[in-house]
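Peer 1: The structure under discussion is supplied below as structure tokens; questions concerning it will follow.
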Amino acid sequence: MESLQKPHSLLDDCILPWGLQVKQNLKGKKMAYQKVSADQRAAGHSQYLDSDDLQATALDLEWDMEKELEEPGFDQFQLDSAENQNLGHVETVDLNLDSIQPATSPKGRFQRLQEESDYVTHYTRSVPKSNRCNFCHLLKILCTATSLFILGILIGYYTHTNCSSETESSGTVDHLLYQEILKTIQAEDIKKTFRNLVQLHKSEDDTEISKKIKTQWTSLGLEDVQSINYSVLLSLPGPLPSSVTLSSGQCFHPDGQPCSEARKDGSRDLLSSYAAYSARGTLEAEVIDVRYGTADDLKRIKKMKNVTNQIALLKLGKLPLLYKLSLLEKAGFGGALLYIDPCDLPKMANLSAETFVVSLNPGGDPSTPGYPSVDGSTRKKQSNLTSLLVQPISAFLVAKLISSPKTRTKNHVCSPLELPNNEVRTVSMQVQTVTQFKTVTNVVGRVKGLTSPDRYVLVGSRHHTAFGPGGQAWGSSTAVVTAFIRALMLSVSRGWRPARTIVFCSWGGTDFGNIGSYEWGEDFKKVLQKNAVAYISLHSPVRGNSSLRPVASPSLQQLVAEKNRFTCTRRAQCPETNVSSVQIQGDAHYFINHLGVPTAQFAYEDIRTLQGPSFLSEALFPTHATKIEELDPFFNLHETITKLSGEVILQIANEPVLPFNALDIALEVQNSLKGDPSSPHQLLAMASHLRESAELFQSDEMRPANDPKERAPLRVRMLNDILQDVEKSFLVPQVPPGFYRNILYHLDEKTSQFPVLAEAWERCKLLSSNETLREALSEVLSSIHSAEVYLRAGLDVFESVLAGKS
């Protein structure tokens with residue numbers, strides 16, 4: 001334990017010499033980016049060539065990367081026309097730009113003639129009259145030769161200029177094409193689609209809405225549109241609502257209303273307050289306030305009280321719910337009452353009396369864990385996924401339970417809901433849920449790629465499951481993806497196609513644990529592992545109207561940051577927005593954590609919500625259509641999300657070289673280890689090696705992204721295969737419940753550590769054992785090493801292939 005609990009000063013002593021060592025190792029290594037054809041690269045010199053061999057045949061371009069290796073930046077090339085070629089890399093940190101200056105080129109013939117001592121007088125001597133005819137003839141020949149020579153120089157110059165600007169011109173053409181597609185997206189069309197969708201009647205088997213979506217996508221021209229059904233085990237509310245009874249005998253529904261009161265609006269809202277896949281039954285016990293249920297909270301509580309078979313009063317937020325429930329289960333609790341503290345919500349959000357739903361399903365059909373729910377699959381009889389009785393309740397009921405005063409705001413400061421430690425509250429909680437097999441439907445269609453049809457850019461939205469929680473938030477997701485399909489198919493009908501196949505998916509069963517996307521992913525896992533290039537999520541485009549929140553994998557952060565320059569609408573602000581890699585809700589879960597596919601998502605949020613605790617979005621409140629239209633009455637925010645997401649989709653689907661950045665992954669790894677007290681020297685050293693390999697790869701092998709002359713089909717294919725698979729190295733086999741298996745994603749924007757290391761460090765303090773920490777360190781070290789080996793192997797393959805061609 002002493003070795004793990006190092007003071008911060010010792011950590012600094014470890015990090016600083018490591019940083020200096022990297023700098024010293026790199027100092028003096030001048031890397032050259034040389035513009036040569038493939039047949040000029042001799043074996044053994046596939047990365048760099050001696051400039052002396054090329055003095056008479058080519059222009060040498062030297063790239064001093066010493067400054068760039070000291071501080072991350074993006075590359076800027078300055079060619080001999082003093083014209084900058086932007087590589088298209090945008091960092092999310094402060095950048096230093098280094099330029100490539102043209103080396104001294106061989107002297108041209110005209111320059112050498114000027115430097116001859118007798119050049120000026122060579123043709124100025126007087127010529128005898130008898131030789132004037134010969135002189136005129138020679139003068140004509142000389143003038144003709146000189147003219148041809150100058151014309152050759154001009155042709156060569158303009159040809160070189162055109163070649164050097166070919167990438168920029170190609171990029172401009174692509175950009176104009178993308179804008180031509182996106183300009184047809186209109187807010188009014190999205191609004192109309194949204195209203196048509198939410199007015200559909202609910203059907204018991206989730207068929208009507210999915211049929212409507214399939215029909216609409218087909219009418220727009222989308223190809224091979226299919227409805228794919230899976231029979232899955234769902235946890236549904238019971239015939240009667242759950243209840244909480246105080247020791248005084250008063251019975252309350254989850255929203256805080258007495259059980260004795262008749263409800264005019266029927267029982268639908270009462271049934272929309274439950275924890276899917278919770279244990280069922282009745283438990284009478286003491287209520288113990290565990291606050292947010294962190295390791296520190298439980299350590300404090302266990303010192304004061306016996307928690308065995310007691311009921312935990314648990315706030316949502318700060319950590320994944322599944323993780324906190326696992327801690328309660330291990331501590332010996334028998335049940336949990338979940339709520340959201342009003343102090344954690346924006347002041348304008350009046351949800352004190354609102355009920356909500358949570359799902360305790362980590363993902364997919366619980367009856368077929370790890371394999372698809374197709375005909376003939378073995379079914380496991382598993383009605384609950386936890387031994388705890390779990391019931392969400394409103395903050396209004398919590399206030400009754402702890403006898404809190406109605407007014408908890410003093411001097412504009414909100415007082416959190418807390419049960420005093422010296423007071424005892426005993427309640428009886430009754431949880432009634434049922435499990436049934438239901439059909440969940442996915443709608444999937446595609447636009448087949450022109451040159452790489454076996455590479456898929458996945459675009460995911462969701463639709464309503466009739467027997468799930470109420471609300472119309474799904475309408476935003478479906479309306480946005482439909483608007484982009486309409487714009488895209490208009491260009492396809494005119495003869496254009498993307499290079500890669502774009503697959504559009506509308507998922508069912510999302511609220512129960514992303515069931516539709518999990519089952520489809522497991523169904524086509526072998527194909528997707530090889531062919532899936534990226535996943536663009538449109539899960540919930542508009543959850544607020546004050547701040548745009550882009551989330552992306554490290555390899556996609558630069559691309560997403562580029563597209564984040566947009567024209568602000570009247571209702572939206574444009575604050576400085578950082579692109580982060582954090583855990584998000586929705587169907588991207590499977591593709592991030594089981595396939596390692598680079599992912600991106602744009603969404604509007606309430607900035608006050610972002611400033612509060614994370615993971616509050618795990619609570620599913622019924623969101624009515626009127627709420628969506630209050631947030632975005634003119635649907636301008638929906639239009640913005642559609643265009644931002646659309647441009648990212650188009651660029652990934654159509655660029656010859658995938659717009660991914662391997663170096664950003666290495667930088668993210670190093671940032672995640674900075675200041676982490678649990679990071680040993682071996683981990684820091686391995687992260688340094690990964691960065692070195694990523695820098696070599698980025699500088700030497702990414703040339704096809706900037707120079708069309710380097711885009712041999714075999715080379716581009718190899719390069720893209722490496723880029724799309726780097727993140728797979730960071731999938732670890734075991735993580736705490738609710739944590740991402742892809743360790744590149746943080747829990748929230750406030751933490752920069754690897755989540756598995758942060759959790760293991762906390763557990764180490766709680767259990768006084770470093771076994772979990774050692775296992776987590778080993779998994780992180782293995783992931784970093786795997787990525788470094790993968791990039792090194794890619795460099796070796798490129799060198800062997802190019803050397804074989806020379």
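Here, A, B, ... name the chains of the structure tokens in the order displayed, residue numbers run from 1 inside each chain, and ligands are numbered from 1 in the same displayed order.
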Return as a Markdown table the residues of stretch 447-565 of chain A lying at most 10 Å from stretch 723-728 of chain A, together with the closest atom-to-atom pair for each and the distance in Å to one decimal, counting only C-alpha atoms, with rows in chain order and ascending residue number.
Peer 2:
| residue | atom | partner | partner_atom | distance |
| --- | --- | --- | --- | --- |
| A:Gln529 | CA | A:Asp725 | CA | 9.0 |
| A:Lys530 | CA | A:Asp725 | CA | 8.7 |
| A:Asn531 | CA | A:Gln724 | CA | 9.1 |
| A:Ala532 | CA | A:Gln724 | CA | 8.2 |
| A:Val533 | CA | A:Gln724 | CA | 5.7 |
| A:Ala534 | CA | A:Gln724 | CA | 7.7 |
| A:Ser553 | CA | A:Glu727 | CA | 8.6 |
| A:Pro554 | CA | A:Glu727 | CA | 8.7 |
| A:Ser555 | CA | A:Glu727 | CA | 8.0 |
Peer 1: Would you give me, as a VMD selection string, the residues in stretch 368-462 of chain A that DSSP reads as strand (DSSP E)?
Peer 2: chain A and resid 389 to 392 409 to 410 413 to 414 425 to 431 433 to 447 452 to 462
Peer 1: Please produce a file of the residues just selected, as a short mmCIF file (atom, residue, chain, number, x, y, z; two decimals), in the first residue's frame, where the atoms kept are N, CA and C atoms.
Peer 2:
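Just written: selection_12.cif:
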data_model
loop_
_atom_site.label_atom_id
_atom_site.label_comp_id
_atom_site.auth_asym_id
_atom_site.auth_seq_id
_atom_site.Cartn_x
_atom_site.Cartn_y
_atom_site.Cartn_z
N LEU A 389 -34.26 -4.87 -4.09
CA LEU A 389 -35.53 -4.27 -4.48
C LEU A 389 -35.26 -2.80 -4.75
N VAL A 390 -35.51 -2.37 -5.97
CA VAL A 390 -35.17 -1.00 -6.38
C VAL A 390 -36.44 -0.30 -6.84
N GLN A 391 -36.65 0.91 -6.31
CA GLN A 391 -37.84 1.69 -6.68
C GLN A 391 -37.49 3.16 -6.80
N PRO A 392 -37.68 3.76 -7.98
CA PRO A 392 -37.52 5.22 -8.10
C PRO A 392 -38.70 5.93 -7.44
N THR A 409 -34.76 26.54 0.23
CA THR A 409 -33.89 27.52 -0.41
C THR A 409 -33.79 28.74 0.47
N LYS A 410 -32.59 29.08 0.88
CA LYS A 410 -32.33 30.22 1.74
C LYS A 410 -31.22 31.05 1.14
N VAL A 413 -29.67 29.80 -1.95
CA VAL A 413 -28.84 28.60 -1.86
C VAL A 413 -29.74 27.42 -1.55
N CYS A 414 -29.65 26.39 -2.37
CA CYS A 414 -30.51 25.21 -2.20
C CYS A 414 -29.90 24.27 -1.17
N ARG A 425 -35.89 6.06 10.39
CA ARG A 425 -37.11 5.99 9.59
C ARG A 425 -37.25 4.54 9.11
N THR A 426 -38.41 3.96 9.37
CA THR A 426 -38.70 2.60 8.92
C THR A 426 -39.84 2.65 7.93
N VAL A 427 -39.64 2.00 6.78
CA VAL A 427 -40.68 1.98 5.75
C VAL A 427 -40.84 0.56 5.23
N SER A 428 -41.93 0.34 4.56
CA SER A 428 -42.17 -0.91 3.85
C SER A 428 -42.31 -0.58 2.37
N MET A 429 -41.44 -1.17 1.54
CA MET A 429 -41.49 -0.91 0.10
C MET A 429 -41.96 -2.15 -0.63
N GLN A 430 -42.83 -1.94 -1.57
CA GLN A 430 -43.38 -3.03 -2.37
C GLN A 430 -43.09 -2.78 -3.84
N VAL A 431 -42.39 -3.71 -4.46
CA VAL A 431 -42.00 -3.58 -5.87
C VAL A 431 -42.75 -4.63 -6.67
N THR A 433 -43.19 -5.82 -10.50
CA THR A 433 -42.85 -5.82 -11.94
C THR A 433 -43.11 -7.21 -12.49
N VAL A 434 -43.24 -7.29 -13.79
CA VAL A 434 -43.43 -8.57 -14.46
C VAL A 434 -42.47 -8.64 -15.65
N THR A 435 -42.08 -9.84 -16.01
CA THR A 435 -41.22 -10.04 -17.19
C THR A 435 -42.01 -10.79 -18.25
N GLN A 436 -41.90 -10.31 -19.48
CA GLN A 436 -42.60 -10.93 -20.60
C GLN A 436 -41.71 -10.88 -21.84
N PHE A 437 -41.90 -11.87 -22.70
CA PHE A 437 -41.20 -11.84 -23.99
C PHE A 437 -42.01 -10.98 -24.96
N LYS A 438 -41.34 -10.00 -25.53
CA LYS A 438 -41.96 -9.09 -26.50
C LYS A 438 -41.08 -8.98 -27.73
N THR A 439 -41.69 -8.51 -28.81
CA THR A 439 -40.94 -8.32 -30.06
C THR A 439 -40.40 -6.89 -30.13
N VAL A 440 -39.11 -6.79 -30.33
CA VAL A 440 -38.45 -5.50 -30.54
C VAL A 440 -38.00 -5.44 -31.99
N THR A 441 -38.28 -4.32 -32.66
CA THR A 441 -38.01 -4.20 -34.10
C THR A 441 -36.97 -3.12 -34.37
N ASN A 442 -36.00 -3.46 -35.21
CA ASN A 442 -35.05 -2.48 -35.74
C ASN A 442 -35.37 -2.25 -37.22
N VAL A 443 -35.20 -1.02 -37.68
CA VAL A 443 -35.34 -0.70 -39.10
C VAL A 443 -33.96 -0.32 -39.62
N VAL A 444 -33.49 -1.01 -40.65
CA VAL A 444 -32.13 -0.82 -41.16
C VAL A 444 -32.19 -0.66 -42.67
N GLY A 445 -31.52 0.37 -43.19
CA GLY A 445 -31.39 0.60 -44.63
C GLY A 445 -30.00 1.12 -44.94
N ARG A 446 -29.67 1.24 -46.22
CA ARG A 446 -28.31 1.63 -46.57
C ARG A 446 -28.25 2.40 -47.87
N VAL A 447 -27.12 3.08 -48.05
CA VAL A 447 -26.70 3.62 -49.34
C VAL A 447 -25.37 2.94 -49.66
N SER A 452 -15.70 1.48 -51.86
CA SER A 452 -15.45 0.59 -50.71
C SER A 452 -16.79 0.18 -50.11
N PRO A 453 -17.57 -0.61 -50.84
CA PRO A 453 -18.91 -0.95 -50.34
C PRO A 453 -18.88 -1.85 -49.11
N ASP A 454 -17.73 -2.46 -48.81
CA ASP A 454 -17.64 -3.35 -47.65
C ASP A 454 -17.18 -2.61 -46.40
N ARG A 455 -17.15 -1.29 -46.43
CA ARG A 455 -16.82 -0.49 -45.25
C ARG A 455 -18.05 0.33 -44.89
N TYR A 456 -18.48 0.24 -43.62
CA TYR A 456 -19.77 0.77 -43.21
C TYR A 456 -19.61 1.94 -42.24
N VAL A 457 -20.27 3.03 -42.56
CA VAL A 457 -20.43 4.15 -41.62
C VAL A 457 -21.85 4.01 -41.06
N LEU A 458 -21.95 3.71 -39.78
CA LEU A 458 -23.24 3.45 -39.14
C LEU A 458 -23.82 4.74 -38.56
N VAL A 459 -25.10 4.97 -38.81
CA VAL A 459 -25.81 6.14 -38.28
C VAL A 459 -27.01 5.61 -37.50
N GLY A 460 -27.05 5.91 -36.20
CA GLY A 460 -28.06 5.32 -35.34
C GLY A 460 -29.03 6.32 -34.74
N SER A 461 -30.32 6.04 -34.85
CA SER A 461 -31.37 6.80 -34.17
C SER A 461 -32.21 5.80 -33.39
N ARG A 462 -33.31 6.22 -32.80
CA ARG A 462 -34.17 5.31 -32.05
C ARG A 462 -35.63 5.65 -32.30
#
Peer 1: Show which residues sit within 8 Å of A:Pro237, as a compact mmCIF listing (two decimals) with N, CA and C atoms, in the first residue's frame. Count only C-alpha atoms, and ignore same-chain residues fewer than 6 positions away.
Peer 2:
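What ended up in result00.txt:
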# COMPACT_ATOMS: atom_id res chain seq x y z
N LEU A 271 -47.67 3.71 -13.25
CA LEU A 271 -46.94 2.54 -13.73
C LEU A 271 -45.62 2.93 -14.40
N SER A 272 -45.48 4.20 -14.75
CA SER A 272 -44.25 4.68 -15.40
C SER A 272 -43.24 5.14 -14.35
N TYR A 274 -40.73 2.83 -12.26
CA TYR A 274 -40.23 1.55 -11.78
C TYR A 274 -38.80 1.36 -12.28
N ALA A 276 -36.64 -1.25 -14.18
CA ALA A 276 -36.72 -2.46 -15.00
C ALA A 276 -35.65 -3.45 -14.57
N GLN A 432 -43.48 -4.18 -7.67
CA GLN A 432 -44.27 -5.08 -8.51
C GLN A 432 -43.88 -4.87 -9.97
N THR A 433 -43.19 -5.82 -10.50
CA THR A 433 -42.85 -5.82 -11.94
C THR A 433 -43.11 -7.21 -12.49
N VAL A 434 -43.24 -7.29 -13.79
CA VAL A 434 -43.43 -8.57 -14.46
C VAL A 434 -42.47 -8.64 -15.65
Peer 1: What's the 9 Å shell around A:Gln382, counting only C-alpha atoms, without same-chain residues fewer than 4 positions away, as a list of chain:residue names?
Peer 2: A:Leu233, A:Tyr277, A:Pro366, A:Ser367
Peer 1: Quick one: residues within 8 Å of stretch 693-697 of chain A, only C-alpha atoms counted, chain neighbours fewer than 5 positions away excluded, as an MDAnalysis selection string?
Peer 2: chainID A and resid 69 662:663 666 702 788 791:792 795
Peer 1: Please report, as JSON, numbers by chain, each residue of stretch 407-600 of chain A to which DSSP assigns helix (DSSP H, G or I) when run on this structure's backbone.
Peer 2: {"A": [473, 474, 475, 476, 477, 478, 479, 480, 481, 482, 483, 484, 485, 486, 487, 488, 489, 490, 491, 492, 510, 511, 512, 515, 516, 517, 518, 519, 520, 521, 522, 523, 525, 526, 527, 528, 529, 530, 531, 554, 555, 556, 557, 558, 559, 560, 561, 562, 563, 588, 589, 590, 591, 592, 593]}
Peer 1: When you look at A:Gly317 with a cut-off of 6 Å (counting only C-alpha atoms), what residues show up, excluding the ones that are within fewer than 6 positions of it in the same chain? I need them as a PyMOL selection string.
Peer 2: chain A and resi 613-616
Peer 1: Just the number, please: distance in Å from atom CA of A:Gln199 to atom CA of A:Gly544, one decimal.
Peer 2: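 It comes out at 22.3 Å.
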Peer 1: Please report, as a tab-separated table, each residue of stretch 641-731 of chain A lying at most 8 Å from stretch 560-563 of chain A, together with the nearest pair of atoms and the separation in Å rounded to one decimal; use only C-alpha atoms, and order rows by chain and ascending residue number.
Peer 2:
residue	atom	partner	partner_atom	distance
A:Leu644	CA	A:Lys563	CA	6.2
A:Glu647	CA	A:Lys563	CA	7.4
A:Val648	CA	A:Val560	CA	7.0
Peer 1: What's the 8 Å shell around A:Leu313, counting only C-alpha atoms, without same-chain residues fewer than 5 positions away, as a VMD selection string?
Peer 2: chain A and resid 287 to 291 336 to 339
Peer 1: May I ask for the distance between atom CA of A:Val789 and atom CA of A:Thr751, given in Å to one decimal place?
Peer 2: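 According to the coordinates, atom CA of A:Val789 and atom CA of A:Thr751 are separated by 27.8 Å.
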Peer 1: Using only C-alpha atoms, pick whichever of A:Tyr745, A:Val173, A:Leu683, A:Ile652 has the shortest atom-to-atom distance to A:Asn720.
Peer 2: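 Smallest separation from A:Asn720 among the options: A:Ile652.
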